[in-house]
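Asker: File follows, start.pdb with PDB, C-alpha atoms:
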```pdb
ATOM      1  CA  MET A   1       5.667-108.016  33.684
ATOM      2  CA  THR A   2       3.932-111.345  33.933
ATOM      3  CA  GLU A   3       3.781-113.714  31.005
ATOM      4  CA  HIS A   4       0.876-113.144  28.608
ATOM      5  CA  SER A   5      -1.915-115.712  28.941
ATOM      6  CA  LEU A   6      -1.432-116.640  25.283
ATOM      7  CA  TRP A   7       1.973-118.223  25.864
ATOM      8  CA  ARG A   8       0.786-120.381  28.743
ATOM      9  CA  PHE A   9      -2.300-121.447  26.815
ATOM     10  CA  SER A  10      -0.327-122.185  23.650
ATOM     11  CA  ARG A  11       2.185-124.383  25.513
ATOM     12  CA  ALA A  12      -0.624-126.263  27.267
ATOM     13  CA  LEU A  13      -2.551-126.717  24.007
ATOM     14  CA  HIS A  14       0.415-128.172  22.140
ATOM     15  CA  SER A  15       1.315-130.374  25.079
ATOM     16  CA  ALA A  16      -2.280-131.680  25.069
ATOM     17  CA  ILE A  17      -2.267-132.358  21.319
ATOM     18  CA  ASN A  18       1.182-133.936  21.078
ATOM     19  CA  ASP A  19       1.684-135.546  24.480
ATOM     20  CA  ARG A  20      -1.907-135.982  25.690
ATOM     21  CA  GLN A  21      -1.079-133.928  28.781
ATOM     22  CA  PHE A  22      -4.374-132.215  29.633
ATOM     23  CA  GLU A  23      -3.709-131.164  33.242
ATOM     24  CA  ASP A  24      -2.305-127.696  32.472
ATOM     25  CA  LEU A  25      -4.881-127.067  29.772
ATOM     26  CA  LYS A  26      -7.764-127.865  32.148
ATOM     27  CA  THR A  27      -6.709-125.031  34.461
ATOM     28  CA  LEU A  28      -6.436-122.537  31.570
ATOM     29  CA  ILE A  29      -9.951-122.788  30.112
ATOM     30  CA  ASP A  30     -12.866-120.829  31.536
ATOM     31  CA  ASP A  31     -16.010-122.831  32.395
ATOM     32  CA  ASP A  32     -18.017-120.626  30.024
ATOM     33  CA  VAL A  33     -15.574-120.658  27.113
ATOM     34  CA  ASP A  34     -16.956-119.949  23.651
ATOM     35  CA  TRP A  35     -14.978-121.702  20.892
ATOM     36  CA  ALA A  36     -15.198-121.950  17.110
ATOM     37  CA  ILE A  37     -12.920-123.251  14.357
ATOM     38  CA  TYR A  38     -14.657-122.364  11.087
ATOM     39  CA  GLY A  39     -14.609-125.030   8.395
ATOM     40  CA  PRO A  40     -16.387-128.006   6.798
ATOM     41  CA  ILE A  41     -17.651-129.991   9.800
ATOM     42  CA  ASP A  42     -18.967-132.843   7.600
ATOM     43  CA  MET A  43     -15.395-133.706   6.676
ATOM     44  CA  PHE A  44     -13.780-132.725   9.969
ATOM     45  CA  PRO A  45     -16.181-133.240  12.905
ATOM     46  CA  PHE A  46     -13.771-131.505  15.305
ATOM     47  CA  LEU A  47     -14.323-128.184  13.499
ATOM     48  CA  GLY A  48     -17.260-125.942  14.350
ATOM     49  CA  ALA A  49     -18.545-124.284  17.503
ATOM     50  CA  ARG A  50     -18.301-125.542  21.083
ATOM     51  CA  GLN A  51     -19.580-124.014  24.319
ATOM     52  CA  GLY A  52     -18.221-124.741  27.778
ATOM     53  CA  LYS A  53     -15.022-126.224  29.129
ATOM     54  CA  ASP A  54     -15.982-129.914  28.819
ATOM     55  CA  ALA A  55     -17.000-129.546  25.171
ATOM     56  CA  VAL A  56     -13.777-127.694  24.374
ATOM     57  CA  LEU A  57     -11.568-130.230  26.151
ATOM     58  CA  ASP A  58     -13.421-132.958  24.289
ATOM     59  CA  VAL A  59     -12.836-131.324  20.900
ATOM     60  CA  ILE A  60      -9.130-130.805  21.661
ATOM     61  CA  ARG A  61      -8.959-134.542  22.456
ATOM     62  CA  GLN A  62     -10.487-135.221  19.018
ATOM     63  CA  ILE A  63      -7.892-132.966  17.381
ATOM     64  CA  ALA A  64      -5.179-134.857  19.290
ATOM     65  CA  ASP A  65      -6.648-138.127  17.938
ATOM     66  CA  ASN A  66      -6.226-136.840  14.393
ATOM     67  CA  PHE A  67      -3.112-134.692  14.281
ATOM     68  CA  ARG A  68       0.333-134.242  15.645
ATOM     69  CA  VAL A  69       1.953-130.787  15.529
ATOM     70  CA  ARG A  70       5.400-131.082  13.939
ATOM     71  CA  ARG A  71       6.107-127.354  14.099
ATOM     72  CA  PHE A  72       4.406-123.980  14.012
ATOM     73  CA  ASP A  73       5.598-120.475  13.203
ATOM     74  CA  ARG A  74       3.797-117.328  14.296
ATOM     75  CA  GLU A  75       4.020-115.060  11.274
ATOM     76  CA  THR A  76       2.138-112.159  12.868
ATOM     77  CA  ILE A  77       1.055-111.498  16.410
ATOM     78  CA  LEU A  78      -0.868-108.785  18.243
ATOM     79  CA  LEU A  79      -1.242-108.839  22.006
ATOM     80  CA  GLY A  80      -3.830-106.906  24.007
ATOM     81  CA  VAL A  81      -4.130-106.933  27.792
ATOM     82  CA  ASP A  82      -6.500-109.927  27.852
ATOM     83  CA  SER A  83      -6.543-110.775  24.174
ATOM     84  CA  ALA A  84      -4.277-111.995  21.414
ATOM     85  CA  SER A  85      -4.418-112.576  17.695
ATOM     86  CA  SER A  86      -1.950-114.331  15.472
ATOM     87  CA  MET A  87      -1.432-115.708  12.014
ATOM     88  CA  LEU A  88       0.365-119.045  12.186
ATOM     89  CA  ARG A  89       1.745-121.611   9.841
ATOM     90  CA  TYR A  90       1.311-125.152  11.151
ATOM     91  CA  SER A  91       3.094-128.272   9.973
ATOM     92  CA  LEU A  92       0.942-131.196  11.056
ATOM     93  CA  THR A  93       0.920-134.916  10.574
ATOM     94  CA  ALA A  94      -2.466-136.520   9.900
ATOM     95  CA  LEU A  95      -2.333-139.586  12.108
ATOM     96  CA  ASP A  96      -4.649-141.807  10.064
ATOM     97  CA  SER A  97      -2.601-141.513   6.871
ATOM     98  CA  ASP A  98       0.735-140.374   8.330
ATOM     99  CA  LYS A  99       0.552-137.574   5.727
ATOM    100  CA  PRO A 100       2.092-134.128   6.302
ATOM    101  CA  ILE A 101      -0.358-131.229   6.253
ATOM    102  CA  SER A 102       0.817-127.637   6.069
ATOM    103  CA  LEU A 103      -1.762-125.113   7.120
ATOM    104  CA  ARG A 104      -2.185-121.381   7.603
ATOM    105  CA  VAL A 105      -4.332-120.437  10.590
ATOM    106  CA  ALA A 106      -5.619-117.139  12.035
ATOM    107  CA  GLN A 107      -6.468-117.235  15.710
ATOM    108  CA  PHE A 108      -8.203-114.675  17.943
ATOM    109  CA  ALA A 109      -8.271-115.387  21.681
ATOM    110  CA  GLN A 110      -9.745-113.604  24.659
ATOM    111  CA  PHE A 111      -8.785-114.414  28.232
ATOM    112  CA  LYS A 112     -10.365-113.715  31.614
ATOM    113  CA  ALA A 113      -8.244-114.029  34.751
ATOM    114  CA  GLY A 114      -5.690-115.979  32.709
ATOM    115  CA  ARG A 115      -8.239-118.469  31.357
ATOM    116  CA  LEU A 116      -9.418-118.816  27.775
ATOM    117  CA  LEU A 117     -12.879-117.252  27.425
ATOM    118  CA  ASN A 118     -13.244-116.954  23.664
ATOM    119  CA  MET A 119     -11.415-118.520  20.729
ATOM    120  CA  ARG A 120     -12.100-117.955  17.049
ATOM    121  CA  VAL A 121      -9.980-119.761  14.478
ATOM    122  CA  LEU A 122     -10.036-119.306  10.728
ATOM    123  CA  VAL A 123      -8.235-121.801   8.502
ATOM    124  CA  ASP A 124      -7.380-121.770   4.799
ATOM    125  CA  THR A 125      -9.989-124.528   4.507
ATOM    126  CA  PHE A 126      -9.772-125.202   0.767
ATOM    127  CA  ASP A 127      -6.050-125.855   1.132
ATOM    128  CA  LEU A 128      -6.794-128.145   4.104
ATOM    129  CA  VAL A 129      -9.431-130.111   2.178
ATOM    130  CA  GLU A 130      -7.160-130.635  -0.839
ATOM    131  CA  GLN A 131      -4.303-131.825   1.363
ATOM    132  CA  ALA A 132      -6.561-134.157   3.334
ATOM    133  CA  LEU A 133      -7.999-135.596   0.093
ATOM    134  CA  GLY A 134      -4.488-135.911  -1.317
ATOM    135  CA  ARG A 135      -5.583-134.515  -4.692
ATOM    136  CA  PRO A 136      -6.533-131.147  -6.184
ATOM    137  CA  ILE A 137     -10.204-130.248  -6.656
ATOM    138  CA  HIS A 138     -10.775-128.954 -10.166
ATOM    139  CA  LEU A 139     -12.070-125.399 -10.129
ATOM    140  CA  PRO A 140     -13.368-123.206 -12.920
ATOM    141  CA  LYS A 141     -11.928-119.721 -13.225
ATOM    142  CA  MET A 142     -14.495-117.334 -11.720
ATOM    143  CA  SER A 143     -12.967-113.923 -12.280
ATOM    144  CA  ARG A 144     -14.384-111.450 -14.805
ATOM    145  CA  VAL A 145     -10.873-110.221 -15.506
ATOM    146  CA  GLY A 146      -7.635-111.830 -16.579
TER     147      GLY A 146
ATOM    148  CA  MET B   1      -5.879 -89.141  20.022
ATOM    149  CA  THR B   2      -5.781 -89.311  16.244
ATOM    150  CA  GLU B   3      -7.823 -91.827  14.345
ATOM    151  CA  HIS B   4      -6.196 -95.238  13.904
ATOM    152  CA  SER B   5      -4.821 -95.843  10.392
ATOM    153  CA  LEU B   6      -7.065 -98.898  10.086
ATOM    154  CA  TRP B   7     -10.262 -96.835   9.975
ATOM    155  CA  ARG B   8      -9.008 -94.499   7.262
ATOM    156  CA  PHE B   9      -7.696 -97.415   5.223
ATOM    157  CA  SER B  10     -10.900 -99.407   5.653
ATOM    158  CA  ARG B  11     -13.085 -96.499   4.493
ATOM    159  CA  ALA B  12     -10.844 -95.877   1.482
ATOM    160  CA  LEU B  13     -10.785 -99.573   0.586
ATOM    161  CA  HIS B  14     -14.550 -99.942   0.632
ATOM    162  CA  SER B  15     -14.999 -96.693  -1.265
ATOM    163  CA  ALA B  16     -12.594 -98.042  -3.918
ATOM    164  CA  ILE B  17     -14.399-101.381  -4.180
ATOM    165  CA  ASN B  18     -17.961-100.067  -4.192
ATOM    166  CA  ASP B  19     -17.647 -96.601  -5.762
ATOM    167  CA  ARG B  20     -14.402 -96.919  -7.741
ATOM    168  CA  GLN B  21     -12.976 -93.976  -5.801
ATOM    169  CA  PHE B  22      -9.246 -94.722  -5.662
ATOM    170  CA  GLU B  23      -7.891 -91.262  -4.767
ATOM    171  CA  ASP B  24      -7.955 -91.704  -0.964
ATOM    172  CA  LEU B  25      -6.678 -95.251  -1.194
ATOM    173  CA  LYS B  26      -3.677 -94.205  -3.295
ATOM    174  CA  THR B  27      -2.438 -91.935  -0.501
ATOM    175  CA  LEU B  28      -2.829 -94.676   2.117
ATOM    176  CA  ILE B  29      -0.657 -97.409   0.591
ATOM    177  CA  ASP B  30       3.114 -97.489   1.055
ATOM    178  CA  ASP B  31       5.207 -97.818  -2.125
ATOM    179  CA  ASP B  32       6.782-100.980  -0.713
ATOM    180  CA  VAL B  33       3.594-102.625   0.508
ATOM    181  CA  ASP B  34       3.597-106.404   0.908
ATOM    182  CA  TRP B  35       0.130-107.941   0.374
ATOM    183  CA  ALA B  36      -1.326-111.447   0.387
ATOM    184  CA  ILE B  37      -4.830-112.907   0.384
ATOM    185  CA  TYR B  38      -4.377-116.653   0.771
ATOM    186  CA  GLY B  39      -6.600-118.842  -1.387
ATOM    187  CA  PRO B  40      -6.994-120.757  -4.679
ATOM    188  CA  ILE B  41      -5.557-118.341  -7.265
ATOM    189  CA  ASP B  42      -6.532-120.616 -10.181
ATOM    190  CA  MET B  43     -10.179-119.930  -9.432
ATOM    191  CA  PHE B  44      -9.742-116.364  -8.181
ATOM    192  CA  PRO B  45      -6.810-114.614  -9.899
ATOM    193  CA  PHE B  46      -7.116-111.636  -7.536
ATOM    194  CA  LEU B  47      -6.041-113.805  -4.606
ATOM    195  CA  GLY B  48      -2.389-114.429  -3.858
ATOM    196  CA  ALA B  49       0.625-112.241  -3.133
ATOM    197  CA  ARG B  50       1.363-108.767  -4.495
ATOM    198  CA  GLN B  51       4.372-106.502  -3.925
ATOM    199  CA  GLY B  52       4.369-102.736  -4.348
ATOM    200  CA  LYS B  53       1.702-100.055  -4.496
ATOM    201  CA  ASP B  54       0.855-100.399  -8.216
ATOM    202  CA  ALA B  55       0.340-104.152  -7.978
ATOM    203  CA  VAL B  56      -1.854-103.755  -4.899
ATOM    204  CA  LEU B  57      -3.978-100.992  -6.470
ATOM    205  CA  ASP B  58      -4.332-103.200  -9.535
ATOM    206  CA  VAL B  59      -5.525-106.175  -7.506
ATOM    207  CA  ILE B  60      -8.021-104.024  -5.590
ATOM    208  CA  ARG B  61      -9.375-102.889  -8.987
ATOM    209  CA  GLN B  62      -9.785-106.568  -9.914
ATOM    210  CA  ILE B  63     -11.652-107.213  -6.664
ATOM    211  CA  ALA B  64     -13.861-104.190  -7.455
ATOM    212  CA  ASP B  65     -14.542-105.724 -10.904
ATOM    213  CA  ASN B  66     -15.806-108.890  -9.250
ATOM    214  CA  PHE B  67     -17.535-107.926  -6.013
ATOM    215  CA  ARG B  68     -19.613-105.306  -4.313
ATOM    216  CA  VAL B  69     -19.577-105.091  -0.503
ATOM    217  CA  ARG B  70     -23.159-105.116   0.786
ATOM    218  CA  ARG B  71     -22.159-105.020   4.443
ATOM    219  CA  PHE B  72     -19.431-106.083   6.821
ATOM    220  CA  ASP B  73     -19.295-106.641  10.556
ATOM    221  CA  ARG B  74     -16.115-106.674  12.585
ATOM    222  CA  GLU B  75     -16.598-109.549  15.018
ATOM    223  CA  THR B  76     -13.228-109.141  16.741
ATOM    224  CA  ILE B  77     -10.630-106.414  16.577
ATOM    225  CA  LEU B  78      -7.214-105.777  18.092
ATOM    226  CA  LEU B  79      -5.396-102.505  17.554
ATOM    227  CA  GLY B  80      -1.681-101.927  18.079
ATOM    228  CA  VAL B  81       0.103 -98.604  17.563
ATOM    229  CA  ASP B  82       0.823 -99.247  13.881
ATOM    230  CA  SER B  83      -0.979-102.525  13.431
ATOM    231  CA  ALA B  84      -4.439-104.002  13.506
ATOM    232  CA  SER B  85      -6.078-107.385  13.259
ATOM    233  CA  SER B  86      -9.715-108.237  12.870
ATOM    234  CA  MET B  87     -12.102-111.036  12.144
ATOM    235  CA  LEU B  88     -14.857-109.837   9.833
ATOM    236  CA  ARG B  89     -17.989-111.175   8.279
ATOM    237  CA  TYR B  90     -18.555-109.826   4.768
ATOM    238  CA  SER B  91     -21.771-109.892   2.759
ATOM    239  CA  LEU B  92     -20.746-109.511  -0.884
ATOM    240  CA  THR B  93     -22.452-109.621  -4.236
ATOM    241  CA  ALA B  94     -20.581-111.466  -6.997
ATOM    242  CA  LEU B  95     -21.041-109.107  -9.948
ATOM    243  CA  ASP B  96     -20.870-111.724 -12.723
ATOM    244  CA  SER B  97     -23.739-113.805 -11.323
ATOM    245  CA  ASP B  98     -25.411-111.227  -9.035
ATOM    246  CA  LYS B  99     -25.188-113.936  -6.358
ATOM    247  CA  PRO B 100     -24.817-113.088  -2.658
ATOM    248  CA  ILE B 101     -21.654-114.408  -0.995
ATOM    249  CA  SER B 102     -21.218-114.425   2.756
ATOM    250  CA  LEU B 103     -17.653-114.762   3.909
ATOM    251  CA  ARG B 104     -15.603-114.839   7.086
ATOM    252  CA  VAL B 105     -12.243-113.081   6.789
ATOM    253  CA  ALA B 106      -9.248-112.596   9.132
ATOM    254  CA  GLN B 107      -7.103-109.594   8.364
ATOM    255  CA  PHE B 108      -3.726-108.510   9.770
ATOM    256  CA  ALA B 109      -2.456-105.069   8.756
ATOM    257  CA  GLN B 110       0.699-103.128   9.519
ATOM    258  CA  PHE B 111       1.037 -99.408   8.857
ATOM    259  CA  LYS B 112       4.001 -97.046   8.538
ATOM    260  CA  ALA B 113       3.406 -93.291   8.818
ATOM    261  CA  GLY B 114      -0.306 -93.929   8.262
ATOM    262  CA  ARG B 115       0.205 -95.982   5.097
ATOM    263  CA  LEU B 116      -0.420 -99.685   4.632
ATOM    264  CA  LEU B 117       2.895-101.560   4.672
ATOM    265  CA  ASN B 118       1.784-105.138   5.133
ATOM    266  CA  MET B 119      -1.542-106.924   4.728
ATOM    267  CA  ARG B 120      -2.260-110.596   5.294
ATOM    268  CA  VAL B 121      -5.759-111.910   4.748
ATOM    269  CA  LEU B 122      -7.061-115.389   5.483
ATOM    270  CA  VAL B 123     -10.452-116.443   4.144
ATOM    271  CA  ASP B 124     -12.638-119.470   4.860
ATOM    272  CA  THR B 125     -11.754-120.540   1.320
ATOM    273  CA  PHE B 126     -13.724-123.787   1.135
ATOM    274  CA  ASP B 127     -16.885-121.871   2.019
ATOM    275  CA  LEU B 128     -15.995-119.269  -0.636
ATOM    276  CA  VAL B 129     -15.429-121.918  -3.319
ATOM    277  CA  GLU B 130     -18.725-123.682  -2.592
ATOM    278  CA  GLN B 131     -20.653-120.400  -2.713
ATOM    279  CA  ALA B 132     -18.935-119.320  -5.943
ATOM    280  CA  LEU B 133     -19.670-122.725  -7.522
ATOM    281  CA  GLY B 134     -23.238-122.547  -6.250
ATOM    282  CA  ARG B 135     -23.180-126.165  -5.123
ATOM    283  CA  PRO B 136     -21.640-128.225  -2.330
ATOM    284  CA  ILE B 137     -18.461-130.231  -2.957
ATOM    285  CA  HIS B 138     -18.904-133.786  -1.702
ATOM    286  CA  LEU B 139     -16.383-134.593   1.015
ATOM    287  CA  PRO B 140     -15.575-137.868   2.713
ATOM    288  CA  LYS B 141     -15.444-137.876   6.503
ATOM    289  CA  MET B 142     -11.768-137.775   7.482
ATOM    290  CA  SER B 143     -11.862-137.972  11.266
ATOM    291  CA  ARG B 144     -10.709-141.060  13.156
ATOM    292  CA  VAL B 145     -13.360-140.402  15.783
ATOM    293  CA  GLY B 146     -17.109-140.045  15.742
TER     294      GLY B 146
END
```
Once more with this new file: its structure as structure tokens, please.

Answerer:
Amino acid sequence: MTEHSLWRFSRALHSAINDRQFEDLKTLIDDDVDWAIYGPIDMFPFLGARQGKDAVLDVIRQIADNFRVRRFDRETILLGVDSASSMLRYSLTALDSDKPISLRVAQFAQFKAGRLLNMRVLVDTFDLVEQALGRPIHLPKMSRVG
Amino acid sequence: MTEHSLWRFSRALHSAINDRQFEDLKTLIDDDVDWAIYGPIDMFPFLGARQGKDAVLDVIRQIADNFRVRRFDRETILLGVDSASSMLRYSLTALDSDKPISLRVAQFAQFKAGRLLNMRVLVDTFDLVEQALGRPIHLPKMSRVG
């Protein structure tokens, strides 16, 4: 059995973010890739939707400019033939402040001929915002019940 | 081929939330279920971790006290033998304010003998908080790049 496309892509992605090695990653992204990391784009311009290989490589460069991946753990994973989903816990360093950021991420990927065709990422964004601000945001209690 | 456990569970869950019919749901949750919806529990006490069937039924009752599901669309889905993951878009009504809330959700479920054994849910929490507050939270721009 050949290696699932997810593992190759994941290695190339982390190598791009941490070591600025983009050569492998370039060969693993489809020209027509559709990409979205949902979250507040006003605060983090590298979140949001991107279409096409150049735009996606560009946004990964922006992520590499802002974060280093210290470690990540896949808590849950499901693999299909050409697809993969996982829930991960990332330990990052924010490069501007040198602050640690710990983040839960859900990721759904679809591949075509071994190349990334679709990526959807959901982040616990409120947790991310509070960590990036370095202080809690005061919230009222909204529930009708105790 | 029998129906995947996810579909039965999903129907029972929505019937519990919208119609307060808990009978089906009770038969579809394992006694030792492990459950977590990640998010700010100070604002939403029905978020967070729960262990065991009674605690999970109780938290679903709390969700039913606070929200009605107007519609949901599964944008992505992966099914394993006893597991399932999906990215969904929910249109909810917050019952206290009668306000519409639109929410993206990633859900990872594991079943055992047709019953829910593990559920992990990630929500675009910043989006949820802003919609529940009814106003945007001002954020500074954090990126090092334009």

Asker: Which residue gives the smallest distance to Phe126 (chain A) among B:Gly39, B:Leu28, B:Arg89, B:Pro45, with all atoms listed in the file counted?

Answerer: B:Gly39

Asker: For a test of reading the model, state the distance in Å between CA of Leu6 (chain A) and CA of Ser102 (chain A), rounded to one decimal.

Answerer: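 Distance between the two atoms: 22.3 Å.
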
Asker: Output chain A as a CSV table (one decimal) with C-alpha atoms, keeping the file's coordinate frame, after least-squares fitting it to chain B on all in-order C-alpha pairs.

Answerer:
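Once written, part_9.csv looks like this:
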```csv
chain,number,residue,atom,x,y,z
A,1,MET,CA,-5.9,-89.2,20.1
A,2,THR,CA,-5.8,-89.3,16.3
A,3,GLU,CA,-7.8,-91.8,14.3
A,4,HIS,CA,-6.2,-95.3,13.9
A,5,SER,CA,-4.8,-95.9,10.4
A,6,LEU,CA,-7.1,-98.9,10.1
A,7,TRP,CA,-10.3,-96.8,10.0
A,8,ARG,CA,-9.0,-94.5,7.3
A,9,PHE,CA,-7.7,-97.4,5.2
A,10,SER,CA,-10.9,-99.4,5.6
A,11,ARG,CA,-13.1,-96.5,4.5
A,12,ALA,CA,-10.8,-95.9,1.5
A,13,LEU,CA,-10.8,-99.6,0.6
A,14,HIS,CA,-14.6,-99.9,0.6
A,15,SER,CA,-15.0,-96.7,-1.3
A,16,ALA,CA,-12.6,-98.1,-3.9
A,17,ILE,CA,-14.4,-101.4,-4.2
A,18,ASN,CA,-18.0,-100.1,-4.2
A,19,ASP,CA,-17.6,-96.6,-5.8
A,20,ARG,CA,-14.4,-96.9,-7.7
A,21,GLN,CA,-13.0,-94.0,-5.8
A,22,PHE,CA,-9.2,-94.7,-5.7
A,23,GLU,CA,-7.9,-91.3,-4.8
A,24,ASP,CA,-7.9,-91.7,-1.0
A,25,LEU,CA,-6.7,-95.3,-1.2
A,26,LYS,CA,-3.7,-94.2,-3.3
A,27,THR,CA,-2.4,-91.9,-0.5
A,28,LEU,CA,-2.8,-94.7,2.1
A,29,ILE,CA,-0.6,-97.4,0.6
A,30,ASP,CA,3.1,-97.5,1.1
A,31,ASP,CA,5.2,-97.8,-2.1
A,32,ASP,CA,6.8,-101.0,-0.7
A,33,VAL,CA,3.6,-102.6,0.5
A,34,ASP,CA,3.6,-106.4,0.9
A,35,TRP,CA,0.1,-107.9,0.4
A,36,ALA,CA,-1.3,-111.4,0.4
A,37,ILE,CA,-4.8,-112.9,0.4
A,38,TYR,CA,-4.4,-116.7,0.8
A,39,GLY,CA,-6.6,-118.8,-1.4
A,40,PRO,CA,-7.0,-120.7,-4.7
A,41,ILE,CA,-5.6,-118.3,-7.2
A,42,ASP,CA,-6.5,-120.6,-10.2
A,43,MET,CA,-10.2,-119.9,-9.4
A,44,PHE,CA,-9.8,-116.4,-8.2
A,45,PRO,CA,-6.8,-114.6,-9.9
A,46,PHE,CA,-7.1,-111.6,-7.5
A,47,LEU,CA,-6.0,-113.8,-4.6
A,48,GLY,CA,-2.4,-114.4,-3.8
A,49,ALA,CA,0.6,-112.2,-3.1
A,50,ARG,CA,1.4,-108.8,-4.5
A,51,GLN,CA,4.4,-106.5,-3.9
A,52,GLY,CA,4.4,-102.7,-4.3
A,53,LYS,CA,1.7,-100.1,-4.5
A,54,ASP,CA,0.9,-100.4,-8.2
A,55,ALA,CA,0.4,-104.2,-8.0
A,56,VAL,CA,-1.9,-103.7,-4.9
A,57,LEU,CA,-4.0,-101.0,-6.5
A,58,ASP,CA,-4.3,-103.2,-9.5
A,59,VAL,CA,-5.5,-106.2,-7.5
A,60,ILE,CA,-8.0,-104.0,-5.6
A,61,ARG,CA,-9.4,-102.9,-9.0
A,62,GLN,CA,-9.8,-106.6,-9.9
A,63,ILE,CA,-11.7,-107.2,-6.7
A,64,ALA,CA,-13.9,-104.2,-7.5
A,65,ASP,CA,-14.6,-105.7,-10.9
A,66,ASN,CA,-15.8,-108.9,-9.2
A,67,PHE,CA,-17.5,-107.9,-6.0
A,68,ARG,CA,-19.6,-105.3,-4.3
A,69,VAL,CA,-19.6,-105.1,-0.5
A,70,ARG,CA,-23.2,-105.1,0.8
A,71,ARG,CA,-22.2,-105.0,4.4
A,72,PHE,CA,-19.4,-106.1,6.8
A,73,ASP,CA,-19.3,-106.7,10.6
A,74,ARG,CA,-16.1,-106.7,12.6
A,75,GLU,CA,-16.6,-109.5,15.0
A,76,THR,CA,-13.2,-109.1,16.7
A,77,ILE,CA,-10.6,-106.4,16.6
A,78,LEU,CA,-7.2,-105.8,18.1
A,79,LEU,CA,-5.4,-102.5,17.5
A,80,GLY,CA,-1.7,-101.9,18.1
A,81,VAL,CA,0.1,-98.6,17.6
A,82,ASP,CA,0.8,-99.2,13.9
A,83,SER,CA,-1.0,-102.5,13.4
A,84,ALA,CA,-4.4,-104.0,13.5
A,85,SER,CA,-6.1,-107.4,13.3
A,86,SER,CA,-9.7,-108.2,12.9
A,87,MET,CA,-12.1,-111.0,12.1
A,88,LEU,CA,-14.9,-109.8,9.8
A,89,ARG,CA,-18.0,-111.2,8.3
A,90,TYR,CA,-18.5,-109.8,4.7
A,91,SER,CA,-21.8,-109.9,2.7
A,92,LEU,CA,-20.7,-109.5,-0.9
A,93,THR,CA,-22.4,-109.6,-4.2
A,94,ALA,CA,-20.6,-111.5,-7.0
A,95,LEU,CA,-21.0,-109.1,-9.9
A,96,ASP,CA,-20.9,-111.7,-12.7
A,97,SER,CA,-23.7,-113.8,-11.3
A,98,ASP,CA,-25.4,-111.2,-9.1
A,99,LYS,CA,-25.2,-113.9,-6.4
A,100,PRO,CA,-24.8,-113.1,-2.7
A,101,ILE,CA,-21.6,-114.4,-1.0
A,102,SER,CA,-21.2,-114.4,2.8
A,103,LEU,CA,-17.7,-114.8,3.9
A,104,ARG,CA,-15.6,-114.8,7.1
A,105,VAL,CA,-12.2,-113.1,6.8
A,106,ALA,CA,-9.3,-112.6,9.1
A,107,GLN,CA,-7.1,-109.6,8.4
A,108,PHE,CA,-3.7,-108.5,9.8
A,109,ALA,CA,-2.4,-105.1,8.8
A,110,GLN,CA,0.7,-103.1,9.5
A,111,PHE,CA,1.0,-99.4,8.8
A,112,LYS,CA,4.0,-97.0,8.5
A,113,ALA,CA,3.4,-93.3,8.8
A,114,GLY,CA,-0.3,-93.9,8.3
A,115,ARG,CA,0.2,-96.0,5.1
A,116,LEU,CA,-0.4,-99.7,4.6
A,117,LEU,CA,2.9,-101.6,4.7
A,118,ASN,CA,1.8,-105.1,5.1
A,119,MET,CA,-1.5,-106.9,4.7
A,120,ARG,CA,-2.2,-110.6,5.3
A,121,VAL,CA,-5.8,-111.9,4.7
A,122,LEU,CA,-7.1,-115.4,5.5
A,123,VAL,CA,-10.5,-116.4,4.1
A,124,ASP,CA,-12.6,-119.5,4.9
A,125,THR,CA,-11.8,-120.5,1.3
A,126,PHE,CA,-13.7,-123.8,1.1
A,127,ASP,CA,-16.9,-121.9,2.0
A,128,LEU,CA,-16.0,-119.3,-0.6
A,129,VAL,CA,-15.4,-121.9,-3.3
A,130,GLU,CA,-18.7,-123.7,-2.6
A,131,GLN,CA,-20.7,-120.4,-2.7
A,132,ALA,CA,-19.0,-119.3,-5.9
A,133,LEU,CA,-19.7,-122.7,-7.5
A,134,GLY,CA,-23.3,-122.5,-6.3
A,135,ARG,CA,-23.2,-126.2,-5.1
A,136,PRO,CA,-21.6,-128.2,-2.3
A,137,ILE,CA,-18.5,-130.2,-3.0
A,138,HIS,CA,-18.9,-133.8,-1.7
A,139,LEU,CA,-16.4,-134.6,1.0
A,140,PRO,CA,-15.6,-137.9,2.7
A,141,LYS,CA,-15.4,-137.9,6.5
A,142,MET,CA,-11.8,-137.8,7.5
A,143,SER,CA,-11.8,-138.0,11.3
A,144,ARG,CA,-10.7,-141.1,13.2
A,145,VAL,CA,-13.4,-140.4,15.8
A,146,GLY,CA,-17.1,-139.9,15.7
```

Asker: Name the residues captured by the PyMOL selection byres ((chain B and resi 82-87) around 6) when it is applied to the shown file; answer as a list in words.

Answerer: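 Applied to this file, the PyMOL selection byres ((chain B and resi 82-87) around 6) returns Arg74, Glu75, Thr76, Ile77, Leu78, Leu79, Gly80, Val81, Leu88, Val105, Ala106, Gln107, Phe108, Ala109, Gln110 and Phe111 of chain B.
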
Asker: If you measure from CA of Ile101 (chain A) to CA of Leu128 (chain A), what distance in Å do you get, rounded to one decimal?

Answerer: 7.5 Å

Asker: Would you kindly return, as JSON, numbers by chain, each protein, DNA or RNA residue with an atom no farther than 8 Å from any atom of Ile29 (chain B), considering only C-alpha atoms and excluding same-chain residues fewer than 3 positions away?

Answerer: {"B": [25, 26, 33, 53, 115, 116, 117]}

Asker: Once you have the residues from the selection above, write them out as an mmCIF file, in the coordinates of the input, restricted to C-alpha atoms.

Answerer:
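Result saved to selection.cif:
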```cif
data_model
loop_
_atom_site.group_PDB
_atom_site.id
_atom_site.type_symbol
_atom_site.label_atom_id
_atom_site.label_comp_id
_atom_site.auth_asym_id
_atom_site.auth_seq_id
_atom_site.Cartn_x
_atom_site.Cartn_y
_atom_site.Cartn_z
ATOM 1 C CA LEU B 25 -6.678 -95.251 -1.194
ATOM 2 C CA LYS B 26 -3.677 -94.205 -3.295
ATOM 3 C CA VAL B 33 3.594 -102.625 0.508
ATOM 4 C CA LYS B 53 1.702 -100.055 -4.496
ATOM 5 C CA ARG B 115 0.205 -95.982 5.097
ATOM 6 C CA LEU B 116 -0.420 -99.685 4.632
ATOM 7 C CA LEU B 117 2.895 -101.560 4.672
#
```
